There are 2 protein chains.
Amino acid sequence: MRDVARASGVSQATVSFVLNDTANQTIPEATREKVRRAAAELGYVPNSIARALREGASRIVVLEVGGLPPGRSLDAFIAGMDAELAAAGHGLLVSYGSAATAIDAVSPRAVIDLPAINATPDGSMHGMAAHARVQIGHLAARGHRSIAVAVPEEGGLVFDATAGHVRAAATALDLPEPATLLVGAAETTAERLRALLGEGTTAVAGLDDDLAISVLAALIDLGLRAPDDLAVIGFGDTAQGALWRPRLTTVRIDAHMYGRRTARQVLGLSTADVKPAPAEVVGRDSA
Amino acid sequence: MRDVARASGVSQATVSFVLNDTANQTIPEATREKVRRAAAELGYVPNSIARALREGASRIVVLEVGGLPPGRSLDAFIAGMDAELAAAGHGLLVSYGSAATAIDAVSPRAVIDLPAINATPDGSMHGMAAHARVQIGHLAARGHRSIAVAVPEEGGLVFDATAGHVRAAATALDLPEPATLLVGAAETTAERLRALLGEGTTAVAGLDDDLAISVLAALIDLGLRAPDDLAVIGFGDTAQGALWRPRLTTVRIDAHMYGRRTARQVLGLSTADVKPAPAEVVGRDSA
DNA sequence: CGACCTCACTAATTCGTATAAGTTGACGAG
DNA sequence: CTCGTCAACTTATACGAATTAGTGAGGTCG
């Protein structure tokens with residue numbers, strides 16, 4: 001910046017004013033032009049660390065994904081956030097694992113703890129509660145009343161919370177409390193599924209597509225088939241689901257828009273014109 | 001830091017010396033103790049942005065994953081890097097999408113362009129070339145000579161490079177140049193596969209498990225079965241592969257170690273004692 | 001004609017750290 | 001008694017921007 005100032009014959013402060021279009025600063029267009037030209041010629045690039053030191057935060061936002069299931073939805077969410085943030089001159093960085101170190105190393109403008117948000121009582125930010133209602137609603141509409149929810153054996157908070165949404169959805173639809181199907185090793189899962197079937201369960205909702213697919217596999221191991229012996233519905237619309245036979249019925253959410261909305265939210269921008277499409281059942285063969 | 005200095009009755013510089021164990025600095029233990037105590041009491045936490053400004057780079061490293069296929073290998077690689085970096089006081093942040101913005105916003109200690117590294121002529125850093133030899137070698141050992149490689153229709157550089165390794169492996173084993181199977185929509189893929197089978201192809205190697213699974217699905221659509229009508233082998237050992245029927249034969253790599261090694265490399269530490277296990281075929285039913 | 005205002009800037013300070021370059025007092029050697 | 005050395009610090013500066021508080025020239029108003 002000092003070089004630019006020297007080259008254009010003004011002070012460093014003036015350069016800052018011009019390049020940042022600082023308000024309440026009366027600088028004639030001629031000078032502005034001179035400064036901009038010099039900056040361009042010298043290939044001036046602001047040092048974002050210095051800027052961050054001055055402003056108290058860097059222009060990036062960190063997304064913590066925790067144990068969130070990977071897949072198309074997460075990718076789309078990330079892409080959406082990234083696009084919106086980029087438009088505002090910010091960058092998106094994703095942290096797996098040791099977030100704390102990373103976070104204080106970059107002083108992000110904001111950090112988004114995605115699992116925590118989804119775990120919110122009403123999952124408000126991303127409408128998780130509403131999504132769950134769509135998923136369970138599909139099953140209920142097909143006459144299922146005795147529904148189980150497939151949860152990973154080594155769950156973690158993320159899944160606990162999501163399972164909560166599914167349970168709430170069942171209650172809201174006047175269905176009995178859903179049973180839980182712990183998904184683990186192939187044989188154990190199959191055994192548990194057999195037990196559940198014996199108790200009259202007619203449908204299973206997976207917290208994500210991978211879990212639903214595991215259930216489908218277990219079903220095959222038992223020599224049974226979906227949707228006749230058991231209806232299975234997933235969540236998230238991963239590529240895998242469409243490949244399976246029977247093809248997996250699942251729920252698609254507008255993750256890209258949710259990503260964009262989240263980005264605008266943390267930047268303090270209006271979210272009025274970014275409306276995610278409602279969750280939608282991708283009706284295929286398994287339910 | 002100034003507060004700590006005031007509280008312990010020394011200068012800010014001394015505090016810095018003590019807290020960083022600066023070499024060539026003679027400070028009696030008594031003083032050191034005083035400073036440390038004050039720091040602890042005041043809950044002093046160094047401002048990493050200021051430190052980054054001073055040192056020219058922050059203590060984080062950015063990993064660019066580009067269009068790399070997600071899955072267990074990538075997760076393990078990330079976990080490995082993260083662990084090793086954390087031990088050295090650094091954080092790991094992953095960039096999808098607009099890496100440039102993010103990178104200059106944080107001035108990372110290093111940035112790792114994973115696809116680019118894997119694309120290296122010999123894929124040296126992560127032994128991609130050797131891995132490909134293991135994959136093709138398995139097929140060759142079972143007597144297959146006419147092998148095709150499954151590549152995504154919308155490939156990108158990552159896959160081009162990986163495909164190169166597979167081709168090189170075939171050549172090294174004195175096999176004819178492998179054909180290419182473009183994987184796209186279900187029907188098209190099945191058609192292409194039918195054509196390939198007509199030309200005598202007896203085995204397909206997928207650049208990752210997802211691609212191999214798509215081939216398995218296409219095979220089912222054609223009313224055929226693996227491994228009798230076509231041997232199929234994947235790469236990366238994702239959870240999905242084990243669920244499929246026939247269960248997918250694949251290649252497992254020691255991604256965690258590769259991650260750790262990469263981390264130590266970029267930090268300039270010795271990599272002598274971190275030796276990734278060689279790639280290994282997970283022999284299941286499909287090949 | 002002097003007070004006051006606006007324009008077009010500049011000088012100086014701040015953010016929090018790391019470190020090079022002193023400074024002071026005690027002690028030993030000659 | 002003096003000089004040099006060393007321990008134990010302190011002072012001052014730099015990193016690169018943003019921003020606050022001026023400052024001088026020129027014009028307006030009463």
# chains A, B, ... in the order shown; residues from 1 in each chain; ligands from 1
call {"tool": "residues_around", "arguments": {"residues": "segment 12-29 of chain C", "least_positions_apart": "2", "cutoff": "7 Å", "atoms": "only C-alpha atoms (C1' of nucleotides)", "output": "list of chain:residue names"}}
result
A:Leu53, A:Arg54, B:Asn47, B:Ala50, B:Arg51, B:Arg54
call {"tool": "closest_atom_pairs", "arguments": {"of": "chain C", "to": "chain A", "cutoff": "7 Å", "atoms": "only C-alpha atoms (C1' of nucleotides)", "output": "JSON lines"}}
result
{"residue": "C:DC7", "atom": "C1'", "partner": "A:Thr26", "partner_atom": "CA", "distance": 6.9}
{"residue": "C:DA8", "atom": "C1'", "partner": "A:Ile27", "partner_atom": "CA", "distance": 6.2}
{"residue": "C:DT10", "atom": "C1'", "partner": "A:Ser11", "partner_atom": "CA", "distance": 6.5}
{"residue": "C:DC15", "atom": "C1'", "partner": "A:Arg54", "partner_atom": "CA", "distance": 4.7}
call {"tool": "write_last_selection", "arguments": {"atoms": "C-alpha atoms (C1' of nucleotides)", "output": "CSV table (one decimal), in the first residue's frame"}}
result
chain,number,residue,atom,x,y,z
C,7,DC,C1',-12.3,20.3,0.0
C,8,DA,C1',-8.5,17.3,-0.4
C,10,DT,C1',-1.8,13.9,5.4
C,15,DC,C1',-4.7,-3.8,16.1
call {"tool": "interface_residues", "arguments": {"of": "chain D", "to": "chain B", "cutoff": "10 Å", "atoms": "only C-alpha atoms (C1' of nucleotides)", "output": "list of chain:residue names"}}
result
D:DC6, D:DA7, D:DA8, D:DC9, D:DT10, D:DT11, D:DA14, D:DC15, D:DG16
call {"tool": "interface_residues", "arguments": {"of": "chain B", "to": "chain A", "cutoff": "9 Å", "atoms": "only C-alpha atoms", "output": "number ranges by chain"}}
result
B: 47-50, 52-53, 56-62, 70-71, 75, 78-79, 82-83, 86, 89-107, 186, 210, 213-214, 216-218, 220, 239-240, 243-245
call {"tool": "select_by_dssp", "arguments": {"residues": "segment 24-234 of chain B", "states": "helix (DSSP H, G or I)", "output": "count of residues only"}}
result
111
call {"tool": "residues_around", "arguments": {"residues": "Glu177 of chain A", "least_positions_apart": "4", "cutoff": "7 Å", "atoms": "only C-alpha atoms (C1' of nucleotides)", "output": "MDAnalysis selection string"}}
result
chainID A and resid 167 170:171
call {"tool": "write_last_selection", "arguments": {"atoms": "N, CA and C atoms", "output": "CSV table (one decimal), in the first residue's frame"}}
result
chain,number,residue,atom,x,y,z
A,167,ARG,N,-39.1,-38.6,15.6
A,167,ARG,CA,-40.1,-39.0,16.6
A,167,ARG,C,-41.2,-38.0,16.7
A,170,ALA,N,-43.6,-38.3,14.0
A,170,ALA,CA,-44.5,-39.4,14.2
A,170,ALA,C,-45.6,-39.0,15.2
A,171,THR,N,-45.2,-38.4,16.3
A,171,THR,CA,-46.2,-38.0,17.2
A,171,THR,C,-47.2,-37.0,16.6
call {"tool": "closest_residue", "arguments": {"among": "A:Thr238, A:Glu187, A:Ala130, A:Arg32", "to": "Leu222 of chain A", "atoms": "only C-alpha atoms"}}
result
A:Glu187
call {"tool": "residues_around", "arguments": {"residues": "DC5 of chain C", "least_positions_apart": "2", "cutoff": "10 Å", "atoms": "only C-alpha atoms (C1' of nucleotides)", "output": "ChimeraX atom specification"}}
result
/C:3,7 /D:27-29
call {"tool": "residues_around", "arguments": {"residues": "segment 271-277 of chain B", "least_positions_apart": "6", "cutoff": "7 Å", "atoms": "only C-alpha atoms (C1' of nucleotides)", "output": "list in words"}}
result
Asp254, Met257, Tyr258, Arg261, Arg264 and Gln265 of chain B
call {"tool": "residues_around", "arguments": {"residues": "segment 142-149 of chain A", "least_positions_apart": "6", "cutoff": "8 Å", "atoms": "only C-alpha atoms (C1' of nucleotides)", "output": "number ranges by chain"}}
result
A: 163, 166, 175-176, 178-181, 200-207
call {"tool": "write_last_selection", "arguments": {"atoms": "N, CA and C atoms", "output": "compact mmCIF listing (two decimals), in the first residue's frame"}}
result
# COMPACT_ATOMS: atom_id res chain seq x y z
N ALA A 163 -33.00 -38.03 15.09
CA ALA A 163 -33.97 -39.03 15.51
C ALA A 163 -35.10 -38.35 16.28
N VAL A 166 -37.58 -36.95 13.92
CA VAL A 166 -38.41 -37.99 13.32
C VAL A 166 -39.49 -38.43 14.30
N LEU A 175 -49.08 -41.13 15.23
CA LEU A 175 -48.59 -42.50 15.12
C LEU A 175 -48.01 -42.91 16.45
N PRO A 176 -47.95 -44.21 16.69
CA PRO A 176 -47.30 -44.66 17.93
C PRO A 176 -45.81 -44.31 17.90
N PRO A 178 -42.17 -44.41 17.45
CA PRO A 178 -41.39 -45.29 16.57
C PRO A 178 -40.37 -46.10 17.36
N ALA A 179 -40.14 -47.31 16.93
CA ALA A 179 -39.08 -48.13 17.52
C ALA A 179 -37.76 -47.69 16.92
N THR A 180 -36.66 -48.18 17.50
CA THR A 180 -35.34 -47.82 16.99
C THR A 180 -34.65 -49.04 16.42
N LEU A 181 -34.08 -48.90 15.24
CA LEU A 181 -33.31 -49.98 14.65
C LEU A 181 -31.85 -49.54 14.61
N GLY A 200 -44.22 -56.51 14.32
CA GLY A 200 -45.22 -55.84 13.50
C GLY A 200 -44.81 -54.58 12.79
N THR A 201 -43.54 -54.25 12.85
CA THR A 201 -43.07 -53.06 12.13
C THR A 201 -43.25 -53.26 10.63
N THR A 202 -43.79 -52.24 9.97
CA THR A 202 -44.01 -52.38 8.52
C THR A 202 -43.21 -51.39 7.69
N ALA A 203 -42.55 -50.45 8.37
CA ALA A 203 -41.77 -49.46 7.60
C ALA A 203 -40.60 -48.97 8.43
N VAL A 204 -39.51 -48.60 7.73
CA VAL A 204 -38.35 -48.05 8.40
C VAL A 204 -37.94 -46.75 7.71
N ALA A 205 -37.66 -45.76 8.54
CA ALA A 205 -37.16 -44.49 8.00
C ALA A 205 -35.69 -44.36 8.39
N GLY A 206 -34.83 -44.19 7.39
CA GLY A 206 -33.40 -44.03 7.68
C GLY A 206 -33.08 -42.57 7.88
N LEU A 207 -32.20 -42.29 8.82
CA LEU A 207 -31.84 -40.88 9.05
C LEU A 207 -31.05 -40.33 7.88
call {"tool": "select_by_dssp", "arguments": {"residues": "segment 108-221 of chain A", "states": "strand (DSSP E)", "output": "number ranges by chain"}}
result
A: 110-113, 147-152, 179-183, 203-206
